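Chemist: The structure file upload39.csv (CSV, C-alpha atoms and all ligand atoms) is provided below.
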```csv
chain,number,residue,atom,x,y,z
A,24,MET,CA,0.0,0.0,0.0
A,25,PRO,CA,2.7,2.5,0.7
A,26,GLU,CA,3.9,2.1,-2.9
A,27,SER,CA,0.6,3.3,-4.2
A,28,ASN,CA,-1.0,6.6,-3.7
A,29,ASP,CA,-3.7,5.0,-1.6
A,30,VAL,CA,-3.4,5.2,2.2
A,31,PRO,CA,-3.6,2.1,4.5
A,32,ILE,CA,-7.1,1.0,5.2
A,33,TYR,CA,-6.5,1.1,8.9
A,34,TRP,CA,-5.9,4.8,8.6
A,35,THR,CA,-9.3,5.5,7.2
A,36,ASP,CA,-11.3,2.5,8.6
A,37,PRO,CA,-9.6,0.9,11.6
A,38,TYR,CA,-13.0,-0.7,12.6
A,39,ARG,CA,-13.2,-2.9,9.6
A,40,LYS,CA,-13.0,-6.5,10.7
A,41,GLU,CA,-13.2,-8.8,7.8
A,42,PHE,CA,-11.3,-8.9,4.4
A,43,ASP,CA,-11.2,-11.2,1.4
A,44,ILE,CA,-7.5,-12.0,0.9
A,45,GLU,CA,-5.2,-14.0,-1.2
A,46,ILE,CA,-1.9,-15.7,-0.2
A,47,ILE,CA,1.0,-14.3,-2.3
A,48,GLU,CA,3.9,-15.9,-0.4
A,49,CYS,CA,4.4,-18.5,2.4
A,50,LYS,CA,7.8,-19.4,3.8
A,51,LYS,CA,8.7,-21.4,6.9
A,52,ASN,CA,10.9,-19.6,9.3
A,53,GLY,CA,11.6,-21.4,12.6
A,54,ASP,CA,8.3,-22.1,14.4
A,55,PHE,CA,6.3,-19.8,12.1
A,56,PHE,CA,5.1,-19.6,8.5
A,57,GLU,CA,5.8,-16.1,7.2
A,58,ILE,CA,2.9,-15.2,4.9
A,59,LYS,CA,2.3,-12.3,2.6
A,60,ILE,CA,-1.2,-11.4,1.5
A,61,LYS,CA,-3.1,-9.0,-0.6
A,62,PRO,CA,-4.6,-6.6,0.2
A,63,GLU,CA,-2.3,-5.5,3.1
A,64,CYS,CA,-5.2,-5.0,5.5
A,65,LEU,CA,-3.3,-5.4,8.8
A,66,ARG,CA,-0.9,-3.0,10.5
A,67,ALA,CA,2.6,-4.4,11.1
A,68,ALA,CA,4.5,-3.6,14.4
A,69,GLY,CA,6.4,-0.3,14.2
A,70,GLY,CA,6.5,3.3,15.3
A,71,GLY,CA,6.1,2.2,18.9
A,72,GLN,CA,2.9,0.2,18.3
A,73,ALA,CA,2.6,-3.6,18.4
A,74,GLY,CA,1.4,-5.5,15.3
A,75,ASP,CA,-2.1,-6.6,14.6
A,76,ARG,CA,-3.3,-10.1,15.3
A,77,ALA,CA,-5.9,-12.0,13.3
A,78,THR,CA,-7.4,-15.3,12.2
A,79,LEU,CA,-7.2,-16.7,8.6
A,80,GLU,CA,-10.0,-18.9,7.3
A,81,ILE,CA,-9.0,-20.6,4.1
A,82,ASN,CA,-10.4,-23.7,2.5
A,83,GLY,CA,-11.9,-24.9,5.8
A,84,LYS,CA,-8.6,-24.4,7.6
A,85,ILE,CA,-8.5,-21.9,10.5
A,86,ALA,CA,-5.1,-20.4,11.4
A,87,SER,CA,-3.9,-17.9,13.9
A,88,VAL,CA,-1.9,-14.8,12.9
A,89,LEU,CA,0.1,-14.4,16.1
A,90,ASP,CA,2.0,-11.2,15.0
A,91,THR,CA,2.6,-9.0,12.1
A,92,VAL,CA,5.9,-7.4,11.1
A,93,SER,CA,7.2,-5.2,8.3
A,94,ARG,CA,10.1,-6.5,6.1
A,95,GLU,CA,11.5,-4.0,3.7
A,96,GLY,CA,8.2,-2.1,3.8
A,97,GLU,CA,6.1,-5.2,3.2
A,98,LEU,CA,3.5,-6.7,5.5
A,99,VAL,CA,4.4,-10.2,6.8
A,100,LEU,CA,2.0,-12.3,8.9
A,101,LEU,CA,3.6,-14.7,11.4
A,102,CYS,CA,1.2,-17.6,11.2
A,103,ASP,CA,1.0,-21.1,12.8
A,104,THR,CA,-0.3,-22.8,9.6
A,105,LYS,CA,1.0,-23.4,6.1
A,106,PHE,CA,-0.9,-22.1,3.1
A,107,ASN,CA,-0.3,-22.3,-0.6
A,108,VAL,CA,0.4,-19.3,-2.9
A,109,GLY,CA,-2.9,-18.4,-4.6
A,110,ASP,CA,-5.1,-19.7,-1.8
A,111,LYS,CA,-8.1,-17.4,-1.2
A,112,GLY,CA,-10.1,-16.9,1.9
A,113,ARG,CA,-11.1,-14.6,4.7
A,114,LEU,CA,-9.1,-12.7,7.2
A,115,ILE,CA,-10.7,-11.7,10.5
A,116,VAL,CA,-8.9,-9.0,12.5
A,117,ASP,CA,-8.5,-9.7,16.3
A,118,MET,CA,-10.6,-6.6,17.2
A,119,ASN,CA,-10.1,-7.0,21.0
A,120,TRP,CA,-6.4,-6.5,20.4
A,121,ARG,CA,-6.8,-3.9,17.7
A,122,LEU,CA,-9.4,-1.8,19.7
A,123,ALA,CA,-7.3,-1.9,22.8
A,124,MET,CA,-4.3,-0.7,20.9
A,125,MET,CA,-6.4,2.1,19.4
A,126,ARG,CA,-7.5,3.3,22.8
A,127,ASN,CA,-4.0,3.1,24.2
A,128,HIS,CA,-2.5,4.9,21.3
A,129,SER,CA,-4.9,7.8,21.3
A,130,ALA,CA,-4.5,8.0,25.0
A,131,GLU,CA,-0.8,8.2,24.6
A,132,HIS,CA,-1.1,11.1,22.2
A,133,LEU,CA,-3.3,13.0,24.6
A,134,PHE,CA,-1.1,12.4,27.6
A,135,ALA,CA,2.3,13.0,25.9
A,136,GLY,CA,0.8,16.1,24.1
A,137,HIS,CA,-0.1,17.7,27.5
A,138,ILE,CA,3.3,16.8,29.1
A,139,VAL,CA,5.3,18.2,26.1
A,140,ARG,CA,3.2,21.3,25.8
A,141,SER,CA,3.1,22.2,29.5
A,142,ILE,CA,6.6,21.2,30.8
A,143,GLU,CA,9.6,23.1,29.5
A,144,GLY,CA,12.3,20.8,28.0
A,145,ALA,CA,10.1,17.7,28.1
A,146,LYS,CA,10.6,15.5,25.1
A,147,LEU,CA,8.8,12.3,24.0
A,148,GLY,CA,11.2,9.3,24.0
A,149,TYR,CA,10.6,5.6,23.7
A,150,ILE,CA,6.9,4.5,23.5
A,151,TRP,CA,5.3,1.1,23.4
A,152,ILE,CA,1.7,0.5,22.8
A,153,ASP,CA,0.0,-2.9,22.6
A,154,GLY,CA,-3.4,-4.4,23.4
A,155,GLU,CA,-2.5,-4.8,27.1
A,156,HIS,CA,-1.0,-1.5,28.1
A,157,GLY,CA,1.1,1.5,27.2
A,158,THR,CA,4.6,2.7,28.1
A,159,ILE,CA,5.8,6.3,27.6
A,160,ASP,CA,9.2,7.7,28.2
A,161,ILE,CA,9.5,11.4,28.8
A,162,ASP,CA,13.1,12.4,28.3
A,163,ASN,CA,15.1,15.4,29.4
A,164,VAL,CA,13.1,16.1,32.6
A,165,ARG,CA,12.1,14.2,35.8
A,166,LEU,CA,8.4,14.5,36.1
A,167,THR,CA,6.8,15.1,39.5
A,168,PHE,CA,3.7,13.2,40.6
A,169,GLU,CA,1.8,16.5,40.4
A,170,GLN,CA,2.8,17.0,36.8
A,171,VAL,CA,1.9,13.4,35.9
A,172,PHE,CA,-1.5,13.6,37.7
A,173,ALA,CA,-2.3,17.0,36.1
A,174,ALA,CA,-1.7,15.5,32.6
A,175,GLU,CA,-3.8,12.4,33.6
A,176,ARG,CA,-6.7,14.7,34.5
A,177,GLU,CA,-6.4,16.5,31.1
A,178,VAL,CA,-6.7,13.1,29.4
A,179,GLN,CA,-9.7,12.1,31.4
A,180,LYS,CA,-11.3,15.5,30.7
A,181,ALA,CA,-10.8,14.9,26.9
A,182,ILE,CA,-12.4,11.4,27.3
A,183,ILE,CA,-15.5,12.9,29.0
A,184,GLN,CA,-15.8,15.6,26.3
A,185,ASP,CA,-15.9,12.8,23.7
A,186,LEU,CA,-13.9,14.9,21.2
A,187,PRO,CA,-13.5,13.8,17.6
A,188,VAL,CA,-10.0,12.3,16.7
A,189,GLU,CA,-9.4,13.9,13.3
A,190,THR,CA,-6.9,12.7,10.7
A,191,GLU,CA,-5.5,14.6,7.7
A,192,ILE,CA,-3.3,13.3,5.0
A,193,HIS,CA,-0.5,15.6,3.9
A,194,SER,CA,2.5,15.2,1.6
A,195,ALA,CA,5.7,14.8,3.5
A,196,GLY,CA,7.1,18.2,2.7
A,197,ASP,CA,4.4,20.5,4.1
A,198,LEU,CA,4.4,19.6,7.7
A,199,GLU,CA,4.0,22.5,10.2
A,200,PRO,CA,7.1,22.8,12.4
A,201,GLU,CA,5.2,22.7,15.7
A,202,ILE,CA,3.8,19.3,14.8
A,203,ARG,CA,6.0,16.6,16.3
A,204,ALA,CA,6.9,14.3,13.4
A,205,ARG,CA,7.7,10.8,14.6
A,206,GLU,CA,10.9,9.1,13.7
A,207,GLY,CA,10.5,6.8,10.7
A,208,VAL,CA,7.1,8.1,9.6
A,209,ILE,CA,8.5,10.3,6.8
A,210,ARG,CA,10.7,7.5,5.4
A,211,LYS,CA,8.0,4.9,5.4
A,212,HIS,CA,5.2,6.8,3.8
A,213,GLU,CA,5.2,9.3,1.1
A,214,LYS,CA,2.0,10.5,2.6
A,215,ILE,CA,2.0,11.9,6.2
A,216,ARG,CA,-1.0,11.5,8.4
A,217,ILE,CA,-1.6,14.0,11.1
A,218,VAL,CA,-3.8,12.8,14.0
A,219,ARG,CA,-5.4,15.7,15.9
A,220,VAL,CA,-7.6,16.2,18.9
A,221,GLU,CA,-8.6,19.9,19.0
A,222,GLY,CA,-7.2,21.6,22.0
A,223,HIS,CA,-5.2,18.6,23.1
A,224,ASP,CA,-2.7,17.2,20.6
A,225,SER,CA,-1.6,17.2,17.0
A,226,SER,CA,1.0,14.6,15.9
A,227,ALA,CA,2.2,12.8,12.8
A,228,CYS,CA,1.4,9.2,13.3
A,229,SER,CA,1.0,6.0,11.3
A,230,GLY,CA,-0.7,4.0,14.0
A,231,THR,CA,-4.3,3.0,14.6
A,232,HIS,CA,-6.6,5.4,16.6
A,233,VAL,CA,-10.1,5.6,17.9
A,234,SER,CA,-12.5,8.0,16.1
A,235,ARG,CA,-13.6,9.8,19.3
A,236,THR,CA,-11.9,10.3,22.6
A,237,GLY,CA,-14.9,8.9,24.5
A,238,GLU,CA,-14.0,5.4,23.2
A,239,ILE,CA,-10.9,5.4,25.5
A,240,GLU,CA,-13.4,5.3,28.3
A,241,PHE,CA,-10.9,5.6,31.2
A,242,PHE,CA,-7.2,6.4,31.5
A,243,LYS,CA,-5.0,5.6,34.4
A,244,ILE,CA,-1.3,6.0,35.0
A,245,ILE,CA,-0.3,2.9,36.9
A,246,ASP,CA,3.4,3.4,37.4
A,247,VAL,CA,5.9,6.3,37.4
A,248,HIS,CA,9.7,5.8,37.7
A,249,ASN,CA,12.9,7.6,36.9
A,250,THR,CA,15.1,6.5,34.1
A,251,ASP,CA,18.7,7.5,33.1
A,252,THR,CA,17.2,10.1,30.8
A,253,GLY,CA,13.9,11.1,32.4
A,254,THR,CA,10.7,9.5,33.5
A,255,ARG,CA,9.0,6.3,32.4
A,256,LEU,CA,5.2,6.0,32.7
A,257,GLU,CA,3.0,2.9,32.4
A,258,PHE,CA,-0.7,3.2,31.8
A,259,LEU,CA,-3.9,1.3,31.2
A,260,THR,CA,-7.2,2.3,29.5
A,261,SER,CA,-10.8,1.2,29.4
A,262,GLY,CA,-11.8,-2.1,31.2
A,263,LYS,CA,-8.3,-2.9,32.3
A,264,ALA,CA,-7.9,0.5,34.0
A,265,VAL,CA,-11.4,0.2,35.5
A,266,SER,CA,-10.6,-3.3,36.9
A,267,LEU,CA,-7.3,-2.2,38.5
A,268,VAL,CA,-8.7,1.0,40.0
A,269,THR,CA,-11.8,-0.9,41.3
A,270,ASP,CA,-9.7,-3.7,42.9
A,271,THR,CA,-7.3,-1.2,44.5
A,272,PHE,CA,-10.2,0.9,45.9
A,273,ASN,CA,-12.0,-2.2,47.1
A,274,LEU,CA,-8.9,-3.4,48.9
A,275,ALA,CA,-8.8,-0.1,50.8
A,276,LEU,CA,-12.6,-0.3,51.4
A,277,SER,CA,-12.4,-3.8,52.8
A,278,ARG,CA,-9.8,-2.6,55.4
A,279,LYS,CA,-11.6,0.6,56.3
A,280,TYR,CA,-13.4,-0.9,59.2
A,281,ASP,CA,-10.5,-3.1,60.5
A,282,TYR,CA,-8.3,0.1,60.8
A,283,PRO,CA,-10.9,2.9,60.9
A,284,PHE,CA,-10.0,5.7,58.5
A,285,GLU,CA,-11.7,7.9,55.9
A,286,MET,CA,-10.7,7.2,52.3
A,287,GLU,CA,-9.1,10.7,52.0
A,288,GLN,CA,-6.8,9.7,54.8
A,289,LEU,CA,-5.4,6.7,52.9
A,290,GLY,CA,-2.1,8.4,52.0
A,291,ALA,CA,-1.5,9.3,55.6
A,292,ILE,CA,-2.4,5.8,56.7
A,293,LEU,CA,0.1,4.3,54.2
A,294,ASP,CA,2.8,6.7,55.5
A,295,LYS,CA,2.1,5.6,59.0
A,296,GLY,CA,2.2,1.9,58.0
A,297,LYS,CA,5.6,2.5,56.3
A,298,LYS,CA,6.9,4.1,59.5
A,299,ALA,CA,5.6,1.2,61.6
A,300,ILE,CA,7.5,-1.2,59.3
A,301,GLU,CA,10.7,0.8,59.7
A,302,GLN,CA,10.3,0.8,63.5
A,303,ARG,CA,9.6,-2.9,63.6
A,304,ALA,CA,12.8,-3.5,61.7
A,305,SER,CA,14.8,-1.4,64.1
A,306,MET,CA,13.1,-3.2,67.1
A,307,VAL,CA,14.0,-6.6,65.7
A,308,SER,CA,17.6,-5.5,65.4
A,309,THR,CA,17.5,-4.2,69.0
A,310,ILE,CA,16.1,-7.4,70.3
A,311,GLU,CA,18.6,-9.4,68.3
A,312,SER,CA,21.5,-7.6,69.8
A,313,LEU,CA,19.9,-7.9,73.3
A,314,MET,CA,19.6,-11.7,72.8
A,315,LEU,CA,23.2,-12.0,71.5
A,316,ASN,CA,24.7,-9.9,74.3
A,317,GLU,CA,22.6,-11.3,77.2
A,318,GLY,CA,24.9,-12.4,80.0
A,319,LEU,CA,27.6,-10.0,79.0
A,320,PHE,CA,27.8,-7.8,82.1
A,321,GLU,CA,30.6,-5.5,82.9
A,322,ASP,CA,31.8,-5.9,86.5
A,323,ILE,CA,32.8,-2.5,88.0
A,324,ASN,CA,33.9,-2.6,91.7
A,325,GLY,CA,31.6,-5.5,92.4
A,326,VAL,CA,28.6,-4.0,90.6
A,327,ARG,CA,27.1,-5.6,87.5
A,328,PHE,CA,26.5,-3.0,84.8
A,329,LYS,CA,24.5,-3.5,81.7
A,330,THR,CA,23.2,-1.0,79.1
A,331,TYR,CA,20.5,-1.2,76.4
A,332,TYR,CA,20.1,1.1,73.4
A,333,MET,CA,16.3,0.6,72.8
A,334,GLU,CA,15.5,1.9,69.3
A,335,GLY,CA,11.8,1.8,68.5
A,336,PHE,CA,10.7,1.2,72.1
A,337,GLU,CA,8.5,3.4,74.2
A,338,ASN,CA,8.8,4.4,77.9
A,339,ARG,CA,5.9,2.1,78.9
A,340,ASP,CA,7.8,-0.8,77.3
A,341,ILE,CA,10.8,-0.1,79.6
A,342,LYS,CA,8.4,0.3,82.6
A,343,SER,CA,7.0,-3.1,81.9
A,344,ILE,CA,10.5,-4.6,81.6
A,345,ILE,CA,11.8,-3.2,84.9
A,346,ARG,CA,8.7,-4.3,86.7
A,347,LYS,CA,9.7,-7.9,85.9
A,348,LEU,CA,13.5,-7.5,86.7
A,349,ARG,CA,14.7,-9.6,89.7
A,350,SER,CA,18.3,-9.8,91.0
A,351,ASP,CA,20.1,-10.9,94.1
A,352,VAL,CA,23.4,-9.1,93.3
A,353,ARG,CA,24.5,-5.4,93.2
A,354,GLU,CA,23.4,-4.3,89.8
A,355,ILE,CA,22.7,-1.3,87.4
A,356,ARG,CA,20.8,-1.6,84.2
A,357,LEU,CA,20.6,1.5,81.9
A,358,PHE,CA,17.9,1.7,79.2
A,359,PHE,CA,18.2,4.4,76.6
A,360,ILE,CA,15.4,5.2,74.0
A,361,PRO,CA,16.9,7.3,71.2
A,362,GLY,CA,15.0,9.9,69.2
A,363,GLU,CA,14.8,13.7,68.9
A,364,LYS,CA,13.6,13.3,72.4
A,365,CYS,CA,15.6,10.7,74.3
A,366,ASN,CA,14.5,8.8,77.4
A,367,LEU,CA,16.7,7.3,80.0
A,368,THR,CA,15.7,4.7,82.7
A,369,VAL,CA,18.2,3.4,85.2
A,370,TRP,CA,17.3,0.5,87.4
A,371,THR,CA,19.5,-0.4,90.4
A,372,ASN,CA,19.5,-3.2,92.9
A,373,ASP,CA,21.1,-3.4,96.3
A,374,LEU,CA,23.4,-0.4,95.9
A,375,PRO,CA,24.6,1.7,98.8
A,376,HIS,CA,23.2,5.0,97.3
A,377,SER,CA,19.9,5.9,95.6
A,378,ALA,CA,19.7,5.6,91.8
A,379,ASN,CA,19.6,9.4,91.6
A,380,GLU,CA,23.1,9.7,93.0
A,381,TYR,CA,24.6,7.6,90.2
A,382,VAL,CA,22.9,9.4,87.3
A,383,ASN,CA,21.5,12.8,88.0
A,384,ASN,CA,24.6,14.9,87.7
A,385,ILE,CA,25.5,13.2,84.4
A,386,VAL,CA,22.1,13.8,83.0
A,387,SER,CA,22.1,17.5,84.0
A,388,SER,CA,25.6,18.0,82.6
A,389,HIS,CA,24.3,16.8,79.2
A,390,GLY,CA,21.3,19.2,79.3
A,391,GLY,CA,18.7,16.6,80.5
A,392,ARG,CA,16.3,16.5,83.4
A,393,GLY,CA,15.2,13.7,85.6
A,394,GLY,CA,14.5,12.2,89.0
A,395,GLY,CA,13.3,9.0,90.7
A,396,SER,CA,13.0,6.7,93.6
A,397,ASP,CA,15.7,4.9,95.5
A,398,ARG,CA,15.9,2.2,92.9
A,399,VAL,CA,14.8,3.7,89.6
A,400,TYR,CA,15.8,6.9,87.9
A,401,THR,CA,14.1,8.3,84.8
A,402,GLY,CA,15.3,11.2,82.7
A,403,GLY,CA,14.8,12.9,79.4
A,404,PHE,CA,16.6,15.0,76.8
A,405,ILE,CA,15.1,17.2,74.1
A,406,ASP,CA,16.4,18.4,70.7
A,407,VAL,CA,19.1,15.7,70.6
A,408,LYS,CA,21.2,15.8,67.4
A,409,ASP,CA,23.0,12.5,67.8
A,410,PRO,CA,21.3,10.2,70.2
A,411,PHE,CA,24.0,7.5,70.0
A,412,VAL,CA,26.8,9.9,71.0
A,413,LEU,CA,24.7,11.0,74.0
A,414,TYR,CA,24.0,7.4,74.9
A,415,GLU,CA,27.7,6.6,74.9
A,416,GLN,CA,28.5,9.7,77.0
A,417,ILE,CA,26.0,8.8,79.6
A,418,VAL,CA,27.1,5.2,79.8
A,419,GLN,CA,30.7,6.4,80.2
A,420,GLY,CA,29.7,8.8,82.9
A,421,VAL,CA,27.9,6.1,85.0
A,422,ARG,CA,30.9,3.8,84.4
A,423,GLU,CA,33.3,6.4,85.8
A,424,ARG,CA,30.9,7.1,88.7
A,425,LEU,CA,31.1,3.4,89.7
A,426,MET,CA,34.9,3.2,89.3
A,427,PHE,CA,35.7,6.1,91.7
A,501,ZN,ZN,1.0,7.8,17.3
```
Would you mind writing the file's structure down as structure tokens?
Ligand SMILES: [Zn+2]

Modeler:
Amino acid sequence: MPESNDVPIYWTDPYRKEFDIEIIECKKNGDFFEIKIKPECLRAAGGGQAGDRATLEINGKIASVLDTVSREGELVLLCDTKFNVGDKGRLIVDMNWRLAMMRNHSAEHLFAGHIVRSIEGAKLGYIWIDGEHGTIDIDNVRLTFEQVFAAEREVQKAIIQDLPVETEIHSAGDLEPEIRAREGVIRKHEKIRIVRVEGHDSSACSGTHVSRTGEIEFFKIIDVHNTDTGTRLEFLTSGKAVSLVTDTFNLALSRKYDYPFEMEQLGAILDKGKKAIEQRASMVSTIESLMLNEGLFEDINGVRFKTYYMEGFENRDIKSIIRKLRSDVREIRLFFIPGEKCNLTVWTNDLPHSANEYVNNIVSSHGGRGGGSDRVYTGGFIDVKDPFVLYEQIVQGVRERLMF
């Protein structure tokens, strides 16, 4: 078709499903038969879009066209069945695959159009569109979530407006400079097709598109991540996007009454969950080190001395621990909870002086405050820059107090 002045049928009527065809070549290549047909009624993979799929019905034989490629500008069908040159029959386009690609491709134009127009320096890079999903690389800039979500809203707005997707055929020479011509299009076709959605995007493109934006039905970005050159986005449209969004929302809804929250608070809930996971990891490592070091007491002038750096714990946890401590020797245990506010608890057993006497001066000299009973001292520090350094200083202070 590119040889003639005619334009591909999928440019003008991408919804046509059935064609009378004739086999003009059939070669075995590995696991496939490579078949050429006339007319060239399918679109081969290229320009960032996957190839069409189809079924062939010829002389009572039904064969699957698993993919289509372009070899030296000619359409080649990758087929699982052998046919003879001159065989005539019907070709039925896999319209589920084709329509999904059309929705994804038109959605890609709308989204990329908004990004490129509204964000300085943003350039469209690699794209991949098939019947499952779409991938878009925006090069030259790292997109923020706000920028991505703003462009997503614009696409959804265009879908609701159900705007016509207009196509115009031009000769290669008279392209307007502001229209982004896609790599390869000019070489492949002597005619250039411009795909335009008024107010949203205008691009040179040889792919298949819906005729109205409303056919996209729903557009959802499902992943955003940085690449070496910019940002890669993955998206879904129509039923696949609806299913994913519904499943995700319903997952949140089903948990809403186990962990009471309003749906708008979901982001904050997830942040809190993430923090809880981090705290748990740090508690596990604290407990691990407690277990590995249990029984390693220092002996200073006949007093057993042991210290604990209790990351992720709270004061009430320490209270609960010391309520259960029993000992029949002279002993000091020092519990330190790090943070911007640090808490210190010192438990003593059978010592000649009150707990206060062993700790209070050290705490005050490091800017903290505290007090306690004969056996237990509790203190606190605020605005601590490096909790571990403070911990080591206090431990060393108590150690020296016991030595002299
Ligand atoms: Zn395109």

Chemist: Can you tell me which residues surround range 323-339 of chain A at a distance of at most 9 Å, considering all atoms listed in the file, apart from same-chain residues fewer than 6 positions away, and format the answer as JSON, numbers by chain?

Modeler: {"A": [301, 302, 303, 304, 305, 306, 308, 309, 310, 313, 352, 353, 354, 355, 356, 357, 358, 359, 360, 361, 362, 366, 367, 368, 374, 411, 414, 418, 422, 425, 426, 427]}

Chemist: For CA of Arg392 in chain A and CA of Ser343 in chain A, determine how far apart the two atoms are, in Å to one decimal place.

Modeler: 21.7 Å

Chemist: Enter the distance from CA of His128 in chain A to CA of His156 in chain A, in Å, rounded to one decimal.

Modeler: 9.5 Å

Chemist: Please, which residues have at least one atom within 10 Å of an atom of ligand ZN 501 (chain A), using all atoms listed in the file, listed as a list of chain:residue names?

Modeler: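 Based on all atoms listed in the file, ligand ZN 501 (chain A) is surrounded within 10 Å by A:Gly70, A:Gly71, A:Gln72, A:Met125, A:Asn127, A:His128, A:Ser129, A:Ala130, A:Glu131, A:His132, A:Leu133, A:Ile150, A:Ile152, A:Ala204, A:Arg205, A:Val208, A:Arg216, A:Ile217, A:Val218, A:Ser225, A:Ser226, A:Ala227, A:Cys228, A:Ser229, A:Gly230, A:Thr231, A:His232.
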
Chemist: Mind checking which residues fall within 8 Å of Asp117 in chain A, counting only C-alpha atoms, ignoring those fewer than 6 positions away in the same chain, and posting them as a PDB file with C-alpha atoms, in the coordinates of the input?

Modeler:
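Contents of selection_6.pdb, as written:
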```pdb
ATOM      1  CA  LYS A  40     -13.000  -6.500  10.700  1.00  0.00           C
ATOM      2  CA  ASP A  75      -2.100  -6.600  14.600  1.00  0.00           C
ATOM      3  CA  ARG A  76      -3.300 -10.100  15.300  1.00  0.00           C
ATOM      4  CA  ALA A  77      -5.900 -12.000  13.300  1.00  0.00           C
ATOM      5  CA  THR A  78      -7.400 -15.300  12.200  1.00  0.00           C
TER       6      THR A  78
END
```

Chemist: Would you mind reading off the distance between CA of Val30 in chain A and CA of Thr236 in chain A, one decimal, in Å?

Modeler: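 That distance, rounded to one decimal, is 22.7 Å.
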
Chemist: List as a ChimeraX atom specification the protein and nucleic acid residues near Ile182 in chain A, meaning an atom at most 7 Å away when only C-alpha atoms are counted, but skip any in the same chain fewer than 2 places from it.

Modeler: /A:178-180,184-185,236-237,239-240

Chemist: Please produce a file of the residues just selected, as an mmCIF file, keeping the file's coordinate frame, where the atoms kept are C-alpha atoms.

Modeler:
```cif
data_model
loop_
_atom_site.group_PDB
_atom_site.id
_atom_site.type_symbol
_atom_site.label_atom_id
_atom_site.label_comp_id
_atom_site.auth_asym_id
_atom_site.auth_seq_id
_atom_site.Cartn_x
_atom_site.Cartn_y
_atom_site.Cartn_z
ATOM 1 C CA VAL A 178 -6.700 13.100 29.400
ATOM 2 C CA GLN A 179 -9.700 12.100 31.400
ATOM 3 C CA LYS A 180 -11.300 15.500 30.700
ATOM 4 C CA GLN A 184 -15.800 15.600 26.300
ATOM 5 C CA ASP A 185 -15.900 12.800 23.700
ATOM 6 C CA THR A 236 -11.900 10.300 22.600
ATOM 7 C CA GLY A 237 -14.900 8.900 24.500
ATOM 8 C CA ILE A 239 -10.900 5.400 25.500
ATOM 9 C CA GLU A 240 -13.400 5.300 28.300
#
```

Chemist: Between A:Ile215, A:Met286, A:Val399, A:Leu166, which has the minimum distance to Arg346 in chain A (counting all atoms listed in the file)?

Modeler: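 Answer, going by the shortest atom-to-atom distance: A:Val399.
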
Chemist: Extract, using only C-alpha atoms, all DNA, RNA and protein residues at most 10 Å from Val139 in chain A, discarding same-chain residues fewer than 6 positions from it, and format them as a CSV table (one decimal) with C-alpha atoms, keeping the file's coordinate frame.

Modeler:
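Output (result_31.csv):
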```csv
chain,number,residue,atom,x,y,z
A,145,ALA,CA,10.1,17.7,28.1
A,146,LYS,CA,10.6,15.5,25.1
A,147,LEU,CA,8.8,12.3,24.0
A,161,ILE,CA,9.5,11.4,28.8
A,162,ASP,CA,13.1,12.4,28.3
A,174,ALA,CA,-1.7,15.5,32.6
A,203,ARG,CA,6.0,16.6,16.3
A,224,ASP,CA,-2.7,17.2,20.6
```

Chemist: Might I get the box with edges along x, y and z of the file that holds all atoms of range 220-231 of chain A listed there, padded by 6 Å on every side, given as centre and edge lengths in Å to one decimal, as lines of an AutoDock Vina configuration file?

Modeler:
```
center_x = -3.2
center_y = 12.3
center_z = 17.2
size_x = 22.8
size_y = 30.6
size_z = 23.8
```

Chemist: Quick one: residues within 10 Å of Asn107 in chain A, all atoms listed in the file, excluding same-chain residues fewer than 3 positions away - as a compact mmCIF listing (two decimals) with C-alpha atoms, in the frame of the given file?

Modeler:
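Produced file result_7.txt, reproduced below:
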```txt
# COMPACT_ATOMS: atom_id res chain seq x y z
CA GLU A 45 -5.20 -14.00 -1.20
CA ILE A 46 -1.90 -15.70 -0.20
CA ILE A 47 1.00 -14.30 -2.30
CA GLU A 48 3.90 -15.90 -0.40
CA CYS A 49 4.40 -18.50 2.40
CA LYS A 50 7.80 -19.40 3.80
CA ILE A 58 2.90 -15.20 4.90
CA ASP A 110 -5.10 -19.70 -1.80
CA LYS A 111 -8.10 -17.40 -1.20
```

Chemist: Choose the residue, out of A:Phe106, A:Phe134, A:Tyr280, A:Trp34, that has the smallest atom-to-atom separation from Ala86 in chain A; count only C-alpha atoms.

Modeler: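 Result for the nearest residue to Ala86 in chain A: A:Phe106.
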
Chemist: Of the residues A:Lys51, A:His223, A:Lys408, A:His376, which is the one nearest to Ser396 in chain A, using all atoms listed in the file?

Modeler: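 Result for the nearest residue to Ser396 in chain A: A:His376.
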
Chemist: Show me the residues close to (-10.4, -21.4, -1.3) - anything with an atom within 9 Å, counting only C-alpha atoms - and format the list as a PyMOL selection string.

Modeler: chain A and resi 80-83+109-112

Chemist: Counting all atoms listed in the file, note down every residue that has an atom within 8 Å of the point (15.5, 13.5, 74.5) (file coordinates), as an MDAnalysis selection string.

Modeler: chainID A and resid 361:366 391 403:407 410

Chemist: Quick one: of A:Asn384, A:Thr252, A:Thr167, A:Ser277, who's nearest to Tyr149 in chain A, counting only C-alpha atoms?

Modeler: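 Checking each of A:Asn384, A:Thr252, A:Thr167, A:Ser277 against Tyr149 in chain A, counting only C-alpha atoms, the winner is A:Thr252.
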